[in-house]
Protein chains: 2
Amino acid sequence: MEDVLAYLEQHSARHLEELRAFVRIPSVSTDPQHAPDVRRAAGWVAARLGAAGLTDARVHGTPGHPVVTASWTGAPEAPTVLVYGHYDVQPPDPLDRWDTPPFEPTQRGGLLFGRGVSDDKAPLLIPIRVAEAFLQTRGALPVNVKFLFEGEEEIGSPHLAAFVQAHVAQLQADFVLSADGGMWRADLPTLTVSARGLAALEFTVRGPGQDLHSGRHGGGLHNPLHALARMIASLHDAEGRVAVAGFYDDVLPLSPEVRADTAALPFRDEAYLREVGAPGTFGEPGYSTLERQWYRPTLEVNGLWGGYTGEGSKTVLPGEARAKITCRLVPGQDPARVREQIRASLRRHTPPGVTVTFGDGEHGAPAYSIPPDHLGLRVAQEALRAVYGRDPLRVGMGGSVPICDTFRDVLGMDTVFLSFAVGDENIHAPNEFFRLARLQEGAHAWAAYFGALARSRDLAGQAGG
Amino acid sequence: MEDVLAYLEQHSARHLEELRAFVRIPSVSTDPQHAPDVRRAAGWVAARLGAAGLTDARVHGTPGHPVVTASWTGAPEAPTVLVYGHYDVQPPDPLDRWDTPPFEPTQRGGLLFGRGVSDDKAPLLIPIRVAEAFLQTRGALPVNVKFLFEGEEEIGSPHLAAFVQAHVAQLQADFVLSADGGMWRADLPTLTVSARGLAALEFTVRGPGQDLHSGRHGGGLHNPLHALARMIASLHDAEGRVAVAGFYDDVLPLSPEVRADTAALPFRDEAYLREVGAPGTFGEPGYSTLERQWYRPTLEVNGLWGGYTGEGSKTVLPGEARAKITCRLVPGQDPARVREQIRASLRRHTPPGVTVTFGDGEHGAPAYSIPPDHLGLRVAQEALRAVYGRDPLRVGMGGSVPICDTFRDVLGMDTVFLSFAVGDENIHAPNEFFRLARLQEGAHAWAAYFGALARSRDLAGQAGG
C-alpha cells in the first residue's frame with residue numbers, strides 16, 4: 001500500500017487544483033438555467049475518470065441530467081464494488097449569506113469553501129484518485145470497481161432508476177460503495193447504517209384572482225397568507241409532533257439496541273446548539289435529538305412566500321401564497337402514501353375563502369437501512385481502523401440517499417457509505433466547505449478498503465444480502 | 001363656467017401627454033434606489049404648477065422625499081382651500097403580473113395603465129389643470145387655492161407633519177380638499193366621509209444561526225417557518241376575528257345610521273367576488289363585507305417569506321423567516337398602542353426554540369372621519385350634482401390617508417375628498433389603470449367645486465370644524 005499512498009501524496013497539489021476546477025462548475029440540478037453547467041460537470045467527471053486510467057468512461061444522456069460511468073474489471077476472481085456519487089449540487093441561495101462566491105472555491109486555513117465541495121464533489125473525487133493511484137503505480141486495482149455518478153441526486157434522482165434498470169448487467173457488483181453520505185463527526189470514524197427517506201411536495205393557496213389593495217379589500221376576503229399560515233400550523237401540534245392523520249401509522253418502532261447505541265454516542269444538546277446557533281432544541285416528544293434527527297420521521301417546510309417581500313412596506317392583500325415541503329421518512333413509510341396524507345390534511349384544513357392546489361416538484365424515496373452484519377460494513381470497519389486506529393461508531397443519517405432503494409430493488413445490492421464529508425460542513429447552506437485533510441484521509445481509507453475487500457474470504461455468503 | 005370647461009376640452013390632448021410623462025417617472029417612495037426618481041417627480045410637479053400660472057411653485061427638501069407647494073391667493077374675500085395630493089407611488093411588484101411595463105403608460109380603450117396613474121398622479125393633475133384653466137381664461141380663480149403635494153404618502157408620510165408644523169401660516173385655509181382618495185364606483189358619484197388608519201410593523205423569527213440541511217437537522221430544531229406560521233395563525237381566530245388581546249378595546253361601535261346607509265348601498269357580495277375573482281368572502285363575524293372593509297379594523301399580513309423560494313426543491317431548514325403586517329384602524333384606535341398589542345401577542349405566541357425580533361418599517365396613522373354636515377361636504381354635494389345630475393352617496397374608505405390627522409391636529413382643518421380615481425383601478429396591484437373619461441369629469445367637478453365654494457355664504461361658522 002506504501003506505493004499507492006506515496007503516489008497520492010505526490011499528486012495532492014494537482015488533485016486539489018482539480019477539485020477547485022470541479023467546484024467552479026455551477027452544476028445546480030434543480031434550476032433549468034443551469035442545465036448546460038450540469039452537462040459540463042458530467043463531461044468533466046468522465047474526462048477525470050479517463051485521466052485516472054479508466055478507459056471506458058462514458059457520459060450517458062437521460063431525459064434529465066446525464067449519468068457518468070466507468071469501470072475496471074481486470075481481477076475476475078476478486079469481488080466487485082459499484083462506486084456511487086453525484087456531481088450535481090444544491091442551489092447556492094441565499095447568495096448574500098456567502099462570505100465568498102459559492103462557485104469560486106476559496107481556501108481559508110484547512111478548509112475549502114464552495115457550493116458542492118462537501119456534497120458531493122470532494123468525496124466523489126476520492127475513489128477516482130485512489131483508482132488512479134493503483135493504476136498508475138501497479139497497473140491494477142485489488143478489486144473490480146465500477147463507477148456510477150449521477151447529476152440528479154439533489155432533485156430526487158428522477159431518471160436514475162430507469163438508467164439502472166437498462167444497465168443491470170453492466171452495473172452488477174457485490175454491493176454499492178457510496179461516496180455520498182458523510183461522517184457524523186470530523187474527529188470520530190463512523191459507519192452509517194441507515195438513511196431517512198424523502199417525500200416532497202409543493203402547494204399554493206389562492207384567494208382573489210390578483211393582488212389587491214389591503215386597505216380597500218382587507219377584512220372582507222380571506223388573505224391567502226393567513227390561510228397558508230393556518231394550514232402550515234395545522235401540520236404539527238404545539239409540541240412538535242406531526243399532526244397529519246396517519247403519518248406515524250407505518251413507522252416501525254425504534255429497537256432498544258439502536259436506542260442504547262444512540263444514547264451512548266458522545267453528543268450533548270448544549271454543544272450541538274452552540275454549533276448551530278439555535279436557542280433550543282425542539283421536536284417530537286419522547287425522543288432524544290439524535291433519535292429525532294436519524295430515526296424518526298419529520299415534516300419540514302423548506303420555503304414559503306407570498307405578498308410583498310421587498311424593501312419597505314406595501315399594503316397588499318396578495319392573490320396567492322406558496323410553500324414547499326419535504327418529509328424525512330423512516331423504514332415502513334411509503335413516500336407516495338405520506339404525500340397523499342399531507343395533501344388530504346391540507347385540503348381538510350383549507351379555510352373558507354381560499355383554494356389549495358398541489359404543484360410540481362413532487363418526488364420521494366423510502367428510507368434505507370443495511371443489515372448490521374453486512375460484509376461491506378465489516379470491511380469498512382477494518383479500513384477505518386487502519387486509518388484512524390480505532391473502531392468506527394455506528395450512526396444513522398438524517399438525510400436521504402434515494403438511490404439506495406433503487407440499488408436494492410433493481411440490482412439486489414446493499415449500499416455501504418464511505419464518504420469523507422462531515423455533517424457540519426454547511427451542506428445545502430451558505431458557506432459550504434470541506435476539510436482538506438480529509439482528501440488524504442479519505443484516499444487512504446478507500447485504498448485500505450479495496451485492499452481489505454480483496455483479502456476478504458467469505459464474500460459469496462454475503463453478496464446481495 | 002363655459003369658458004373654463006372649453007379651455008379644458010381644448011387642451012385635453014396635451015394634458016393627457018403630460019399625465020403620461022408624469023407616470024413614466026418611477027417615483028417609488030419605499031425603495032431607496034428610486035430616491036432620485038422621487039426627486040425628479042417633485043421637480044416635474046413644481047414645473048407643472050408653474051406652467052399652470054402659479055408663480056410661487058416650490059420644491060422643499062425634507063429629511064425624506066420633497067414636498068411641493070404653490071398658491072394663488074388673489075381673492076381675499078373668498079374662502080381658501082388647501083389642495084392635497086401625493087406624487088409618490090407603490091412599488092410595481094410583482095413585475096411579471098403586469099401586461100405592459102408599469103412605468104410605460106399604455107392606453108387600451110378608455111383606460112390608461114401604469115403604476116401610480118390612479119394613485120395618485122391623474123387625480124393630482126386634475127386640480128392643477130383646473131387652476132390653469134381659470135388662470136388662462138379669466139386670470140383668476142373663484143377662491144383662494146393652496147397646493148401641497150408630498151412624496152411619502154405610500155410610506156406613511158413620515159416627514160409631512162414636521163413640514164406642516166413649520167409652515168402653519170403659509171398652509172392655513174378653511175379646509176383641505178384632497179385629490180387622493182378615490183370614488184367607490186365609476187358609475188356613481190360618492191362622497192367619502194371616513195378613512196381607516198394604519199399601523200405597520202415587521203417581524204423576524206430566528207432559529208439556527210444559519211440555514212441548515214433539513215435532512216441532517218430536521219426534527220431536532222424548531223423550523224422558523226413552522227414557528228412563523230403558528231405565530232401568524234395566532235393573530236386571528238378561525239372565523240376571522242383579530243385574536244390579538246385588546247385589539248378591539250378602543251374601537252367605537254358603528255352607529256345605526258352608518259349601518260343603515262351602508263346596507264342601502266348597491267352592493268352584492270356575488271358581484272364583488274366576481275370582480276375580484278375570489279372564491280368567497282371571509283371576515284369578522286357579525287358585519288357585512290362593506291362594514292368589514294370600511295368601518296371595522298383589520299390585521300393583514302402583506303408579505304411573508306423564508307427558506308428556499310426558487311425553482312425546484314431545496315432541503316433547507318432556514319435560519320429565519322419574516323413577515324410584514326399592516327392593520328387598518330378605525331376611530332378610537334391608537335396606532336402605537338395597536339402595534340404594541342401585536343408585538344406583545346407575537347411574543348406571547350413565540351414557541352420554544354426560536355426568537356422574535358421587530359424590525360424597521362414601523363409607522364402608523366389614526367383613522368379619520370369628517371362631521372357629516374361639514375361645509376366642504378355640502379359644496380362637494382353641489383359640485384357632484386352639477387356634473388352627474390344626482391346626489392352623491394356617502395361611503396367609507398377602507399384605505400388610509402394618514403395626513404388627515406396631521407391637518408386636523410396641526411392646522412385645525414378637516415379634509416374633504418374629491419378624487420376621481422375609482423377603487424377598482426388595481427391600485428397597489430399589477431395593471432393599475434385610470435379611466436381617461438374621468439380626467440374631464442373630474443376637472444368639471446373641481447371647477448364646479450371652486451365656483452360653488454365661492455358662492456357659499458355661511459363659511460365662518462364652518463371653518464376649522
# chains A, B, ... in the order shown; residues from 1 in each chain; ligands from 1
$ residues_around --residues "Ile155 (chain B)" --least-positions-apart "2" --cutoff "12 Å" --atoms "only C-alpha atoms" --output "PyMOL selection string"
(chain A and resi 311-315) or (chain B and resi 28-32+64-65+86+88-91+150-153+157-160+198-201+326+361-365+400-403)
$ residues_around --residues "Ile126 (chain A)" --least-positions-apart "3" --cutoff "7 Å" --atoms "only C-alpha atoms" --output "PyMOL selection string"
chain A and resi 122-123+129-130+439+442-443
$ residues_around --residues "Leu299 (chain B)" --least-positions-apart "5" --cutoff "7 Å" --atoms "only C-alpha atoms" --output "PyMOL selection string"
chain B and resi 242+326-328
$ write_last_selection --atoms "N, CA, C and O atoms" --output "PDB file, in the first residue's frame"
ATOM      1  N   VAL B 242     -59.816  39.321  14.677  1.00  0.00           N
ATOM      2  CA  VAL B 242     -58.443  39.512  15.139  1.00  0.00           C
ATOM      3  C   VAL B 242     -58.367  38.995  16.574  1.00  0.00           C
ATOM      4  O   VAL B 242     -59.196  39.358  17.419  1.00  0.00           O
ATOM      5  N   THR B 326     -49.727  45.038   8.177  1.00  0.00           N
ATOM      6  CA  THR B 326     -50.369  46.342   8.401  1.00  0.00           C
ATOM      7  C   THR B 326     -51.767  46.110   8.937  1.00  0.00           C
ATOM      8  O   THR B 326     -52.468  45.195   8.497  1.00  0.00           O
ATOM      9  N   CYS B 327     -52.149  46.940   9.900  1.00  0.00           N
ATOM     10  CA  CYS B 327     -53.526  46.967  10.374  1.00  0.00           C
ATOM     11  C   CYS B 327     -54.216  48.175   9.771  1.00  0.00           C
ATOM     12  O   CYS B 327     -53.594  49.212   9.558  1.00  0.00           O
ATOM     13  N   ARG B 328     -55.512  48.034   9.522  1.00  0.00           N
ATOM     14  CA  ARG B 328     -56.350  49.202   9.217  1.00  0.00           C
ATOM     15  C   ARG B 328     -57.117  49.510  10.491  1.00  0.00           C
ATOM     16  O   ARG B 328     -57.722  48.610  11.090  1.00  0.00           O
TER      17      ARG B 328
END
$ residues_around --residues "Leu453 (chain B)" --least-positions-apart "3" --cutoff "9 Å" --atoms "only C-alpha atoms" --output "list in words"
Ala78, Pro79, Pro142, Val143, Leu375, Gly376, Val379, Ala380, Ala448, Tyr449, Phe450, Ser456, Arg457 and Leu459 of chain B
$ residues_around --residues "Arg347 (chain B)" --least-positions-apart "3" --cutoff "10 Å" --atoms "only C-alpha atoms" --output "list in words"
Met231, Gln341, Ile342, Arg343, Ala344, Thr350, Pro351, Thr355, Val356, Thr357 and Phe358 of chain B
$ write_last_selection --atoms "all heavy atoms" --output "short mmCIF file (atom, residue, chain, number, x, y, z; two decimals), in the first residue's frame"
data_model
loop_
_atom_site.label_atom_id
_atom_site.label_comp_id
_atom_site.auth_asym_id
_atom_site.auth_seq_id
_atom_site.Cartn_x
_atom_site.Cartn_y
_atom_site.Cartn_z
N MET B 231 -47.30 31.53 14.67
CA MET B 231 -47.47 32.88 15.23
C MET B 231 -48.47 33.70 14.42
O MET B 231 -49.31 34.41 14.97
CB MET B 231 -46.11 33.58 15.29
CG MET B 231 -45.18 32.95 16.33
SD MET B 231 -43.44 33.40 16.12
CE MET B 231 -43.49 35.10 16.71
N GLN B 341 -49.75 46.05 21.11
CA GLN B 341 -50.59 44.88 21.36
C GLN B 341 -50.17 43.70 20.48
O GLN B 341 -50.12 42.55 20.93
CB GLN B 341 -52.07 45.22 21.08
CG GLN B 341 -52.69 46.13 22.15
CD GLN B 341 -54.04 46.71 21.70
OE1 GLN B 341 -54.35 46.74 20.50
NE2 GLN B 341 -54.82 47.18 22.66
N ILE B 342 -49.85 44.01 19.22
CA ILE B 342 -49.45 42.93 18.31
C ILE B 342 -48.09 42.37 18.70
O ILE B 342 -47.89 41.15 18.73
CB ILE B 342 -49.44 43.43 16.85
CG1 ILE B 342 -50.86 43.81 16.42
CG2 ILE B 342 -48.86 42.39 15.91
CD1 ILE B 342 -50.93 44.56 15.12
N ARG B 343 -47.15 43.25 19.01
CA ARG B 343 -45.84 42.77 19.46
C ARG B 343 -45.99 41.88 20.69
O ARG B 343 -45.37 40.82 20.77
CB ARG B 343 -44.91 43.96 19.77
CG ARG B 343 -44.33 44.63 18.54
CD ARG B 343 -43.19 45.59 18.91
NE ARG B 343 -43.67 46.72 19.68
CZ ARG B 343 -43.94 47.93 19.19
NH1 ARG B 343 -43.77 48.17 17.89
NH2 ARG B 343 -44.38 48.90 19.95
N ALA B 344 -46.81 42.32 21.64
CA ALA B 344 -47.00 41.53 22.86
C ALA B 344 -47.62 40.18 22.53
O ALA B 344 -47.21 39.14 23.06
CB ALA B 344 -47.88 42.30 23.85
N THR B 350 -44.71 33.17 20.71
CA THR B 350 -43.45 32.66 20.17
C THR B 350 -43.17 31.30 20.78
O THR B 350 -43.01 31.19 21.99
CB THR B 350 -42.29 33.63 20.47
OG1 THR B 350 -42.60 34.91 19.93
CG2 THR B 350 -40.99 33.13 19.86
N PRO B 351 -43.11 30.26 19.97
CA PRO B 351 -42.92 28.91 20.53
C PRO B 351 -41.47 28.69 20.95
O PRO B 351 -40.59 29.50 20.64
CB PRO B 351 -43.31 28.00 19.37
CG PRO B 351 -43.18 28.80 18.14
CD PRO B 351 -43.30 30.24 18.51
N THR B 355 -36.62 32.75 18.38
CA THR B 355 -36.77 34.07 18.99
C THR B 355 -37.47 34.98 17.99
O THR B 355 -37.46 34.73 16.79
CB THR B 355 -35.41 34.68 19.34
OG1 THR B 355 -34.64 34.79 18.13
CG2 THR B 355 -34.66 33.83 20.35
N VAL B 356 -38.07 36.05 18.50
CA VAL B 356 -38.72 37.01 17.61
C VAL B 356 -38.08 38.38 17.83
O VAL B 356 -37.75 38.75 18.96
CB VAL B 356 -40.25 37.07 17.85
CG1 VAL B 356 -40.58 37.59 19.25
CG2 VAL B 356 -40.94 37.93 16.80
N THR B 357 -37.87 39.10 16.73
CA THR B 357 -37.43 40.49 16.84
C THR B 357 -38.29 41.33 15.90
O THR B 357 -38.79 40.83 14.89
CB THR B 357 -35.96 40.67 16.44
OG1 THR B 357 -35.76 40.08 15.15
CG2 THR B 357 -35.02 40.02 17.44
N PHE B 358 -38.43 42.60 16.27
CA PHE B 358 -39.27 43.50 15.49
C PHE B 358 -38.38 44.48 14.76
O PHE B 358 -37.42 45.00 15.33
CB PHE B 358 -40.27 44.19 16.40
CG PHE B 358 -41.21 43.21 17.02
CD1 PHE B 358 -40.94 42.61 18.23
CD2 PHE B 358 -42.33 42.80 16.32
CE1 PHE B 358 -41.79 41.65 18.77
CE2 PHE B 358 -43.19 41.84 16.84
CZ PHE B 358 -42.91 41.26 18.08
#
$ closest_residue --among "B:Glu2, B:Glu320, B:Glu432, B:Asp414" --to "Gly307 (chain B)" --atoms "only C-alpha atoms"
B:Glu320
$ select_by_dssp --residues "region 161-379 of chain B" --states "strand (DSSP E)" --output "MDAnalysis selection string"
chainID B and resid 175:178 190:195 197:206 212:213 298:307 316:317 320:329 355:358 363:365 368:369
$ residues_around --residues "Ala41 (chain B)" --least-positions-apart "3" --cutoff "9 Å" --atoms "only C-alpha atoms" --output "PDB file with C-alpha atoms, in the first residue's frame"
ATOM      1  CA  PHE B  22     -45.609  62.003 -15.125  1.00  0.00           C
ATOM      2  CA  ILE B  25     -41.191  58.717 -13.597  1.00  0.00           C
ATOM      3  CA  PRO B  26     -40.872  55.671 -11.262  1.00  0.00           C
ATOM      4  CA  SER B  27     -41.332  57.643  -8.046  1.00  0.00           C
ATOM      5  CA  PRO B  36     -33.607  60.240  -7.460  1.00  0.00           C
ATOM      6  CA  ASP B  37     -36.810  59.402  -9.344  1.00  0.00           C
ATOM      7  CA  VAL B  38     -38.917  60.687  -6.467  1.00  0.00           C
ATOM      8  CA  TRP B  44     -41.905  67.762 -12.523  1.00  0.00           C
ATOM      9  CA  VAL B  45     -44.910  68.691 -10.339  1.00  0.00           C
ATOM     10  CA  ALA B  46     -43.431  72.091  -9.429  1.00  0.00           C
ATOM     11  CA  TYR B  87     -46.735  62.214  -6.371  1.00  0.00           C
ATOM     12  CA  ASP B  88     -45.063  59.045  -5.000  1.00  0.00           C
ATOM     13  CA  GLY B 151     -43.711  62.271  -1.946  1.00  0.00           C
TER      14      GLY B 151
END
$ residues_around --residues "Val416 (chain B)" --least-positions-apart "2" --cutoff "7 Å" --atoms "only C-alpha atoms" --output "count of residues only"
7
$ select_by_dssp --residues "region 211-450 of chain B" --states "alpha helix (DSSP H)" --output "PyMOL selection string"
chain B and resi 214-217+224-233+256-263+269-276+289-294+335-348+375-388+403-411+437-450
$ write_last_selection --atoms "C-alpha atoms" --output "compact mmCIF listing (two decimals), in the first residue's frame"
# COMPACT_ATOMS: atom_id res chain seq x y z
CA SER B 214 -33.21 19.75 6.69
CA GLY B 215 -32.19 16.10 6.41
CA ARG B 216 -29.42 16.25 8.94
CA HIS B 217 -31.06 18.72 11.34
CA PRO B 224 -38.58 29.15 11.91
CA LEU B 225 -41.11 28.70 9.09
CA HIS B 226 -43.24 26.47 11.31
CA ALA B 227 -42.93 28.95 14.16
CA LEU B 228 -43.79 31.88 11.88
CA ALA B 229 -46.88 30.07 10.58
CA ARG B 230 -48.03 29.28 14.11
CA MET B 231 -47.47 32.88 15.23
CA ILE B 232 -49.33 34.34 12.26
CA ALA B 233 -52.16 31.84 12.74
CA PRO B 256 -77.15 52.63 13.45
CA GLU B 257 -77.26 55.45 10.83
CA VAL B 258 -74.00 54.41 9.21
CA ARG B 259 -75.04 50.73 9.25
CA ALA B 260 -78.36 51.63 7.62
CA ASP B 261 -76.68 53.87 4.97
CA THR B 262 -74.19 51.14 4.18
CA ALA B 263 -76.84 48.44 3.94
CA ASP B 269 -71.21 40.02 -2.40
CA GLU B 270 -71.66 37.85 -5.50
CA ALA B 271 -70.87 40.68 -7.91
CA TYR B 272 -67.94 41.78 -5.76
CA LEU B 273 -66.49 38.26 -5.70
CA ARG B 274 -66.75 38.08 -9.48
CA GLU B 275 -64.96 41.42 -9.73
CA VAL B 276 -62.00 40.36 -7.57
CA THR B 289 -68.48 42.97 3.62
CA LEU B 290 -68.63 46.76 3.27
CA GLU B 291 -68.74 47.25 7.02
CA ARG B 292 -65.69 44.99 7.36
CA GLN B 293 -63.82 46.90 4.67
CA TRP B 294 -64.76 50.45 5.65
CA PRO B 335 -51.61 53.08 16.06
CA ALA B 336 -48.78 52.90 18.62
CA ARG B 337 -50.97 51.03 21.08
CA VAL B 338 -52.12 48.58 18.39
CA ARG B 339 -48.52 47.89 17.36
CA GLU B 340 -47.60 47.24 20.98
CA GLN B 341 -50.59 44.88 21.36
CA ILE B 342 -49.45 42.93 18.31
CA ARG B 343 -45.84 42.77 19.46
CA ALA B 344 -47.00 41.53 22.86
CA SER B 345 -49.25 38.93 21.26
CA LEU B 346 -46.50 37.69 18.95
CA ARG B 347 -44.05 37.49 21.86
CA ARG B 348 -46.61 35.56 23.87
CA LEU B 375 -69.47 72.88 4.55
CA GLY B 376 -66.84 71.22 2.37
CA LEU B 377 -69.08 68.15 2.05
CA ARG B 378 -72.12 70.26 1.21
CA VAL B 379 -70.20 72.11 -1.51
CA ALA B 380 -68.95 68.76 -2.85
CA GLN B 381 -72.53 67.54 -2.96
CA GLU B 382 -73.48 70.55 -5.09
CA ALA B 383 -70.46 70.20 -7.41
CA LEU B 384 -71.04 66.48 -8.00
CA ARG B 385 -74.73 67.08 -8.61
CA ALA B 386 -73.76 69.65 -11.26
CA VAL B 387 -71.59 67.08 -13.07
CA TYR B 388 -73.58 63.86 -12.57
CA ILE B 403 -52.25 63.15 6.71
CA CYS B 404 -55.91 63.92 7.56
CA ASP B 405 -54.95 63.63 11.19
CA THR B 406 -51.98 65.97 10.77
CA PHE B 407 -54.20 68.55 9.10
CA ARG B 408 -56.73 68.36 11.89
CA ASP B 409 -54.19 68.37 14.73
CA VAL B 410 -51.73 70.95 13.38
CA LEU B 411 -53.86 73.18 11.19
CA ALA B 437 -63.04 59.94 -19.21
CA ARG B 438 -62.64 60.98 -15.60
CA LEU B 439 -59.87 63.40 -16.48
CA GLN B 440 -62.60 65.66 -17.87
CA GLU B 441 -65.34 64.65 -15.42
CA GLY B 442 -63.01 65.37 -12.55
CA ALA B 443 -61.89 68.69 -13.96
CA HIS B 444 -65.53 69.69 -14.42
CA ALA B 445 -66.25 68.76 -10.80
CA TRP B 446 -63.24 70.63 -9.43
CA ALA B 447 -64.18 73.73 -11.45
CA ALA B 448 -67.75 73.43 -10.18
CA TYR B 449 -66.42 72.98 -6.66
CA PHE B 450 -64.40 76.18 -6.77
$ closest_residue --among "A:Ile325, A:Val68, A:Val316, A:Leu188" --to "chain B" --atoms "only C-alpha atoms"
A:Val316
$ closest_residue --among "B:Phe175, B:Phe147, B:Phe113, B:Tyr84" --to "Met413 (chain B)" --atoms "only C-alpha atoms"
B:Phe175
$ closest_residue --among "A:Gly61, A:Pro92, A:Gly246, A:Gly53" --to "Ala133 (chain A)" --atoms "only C-alpha atoms"
A:Gly53
$ atom_distance --atom1 "CA of His213 (chain A)" --atom2 "CA of Thr62 (chain B)"
27.8 Å
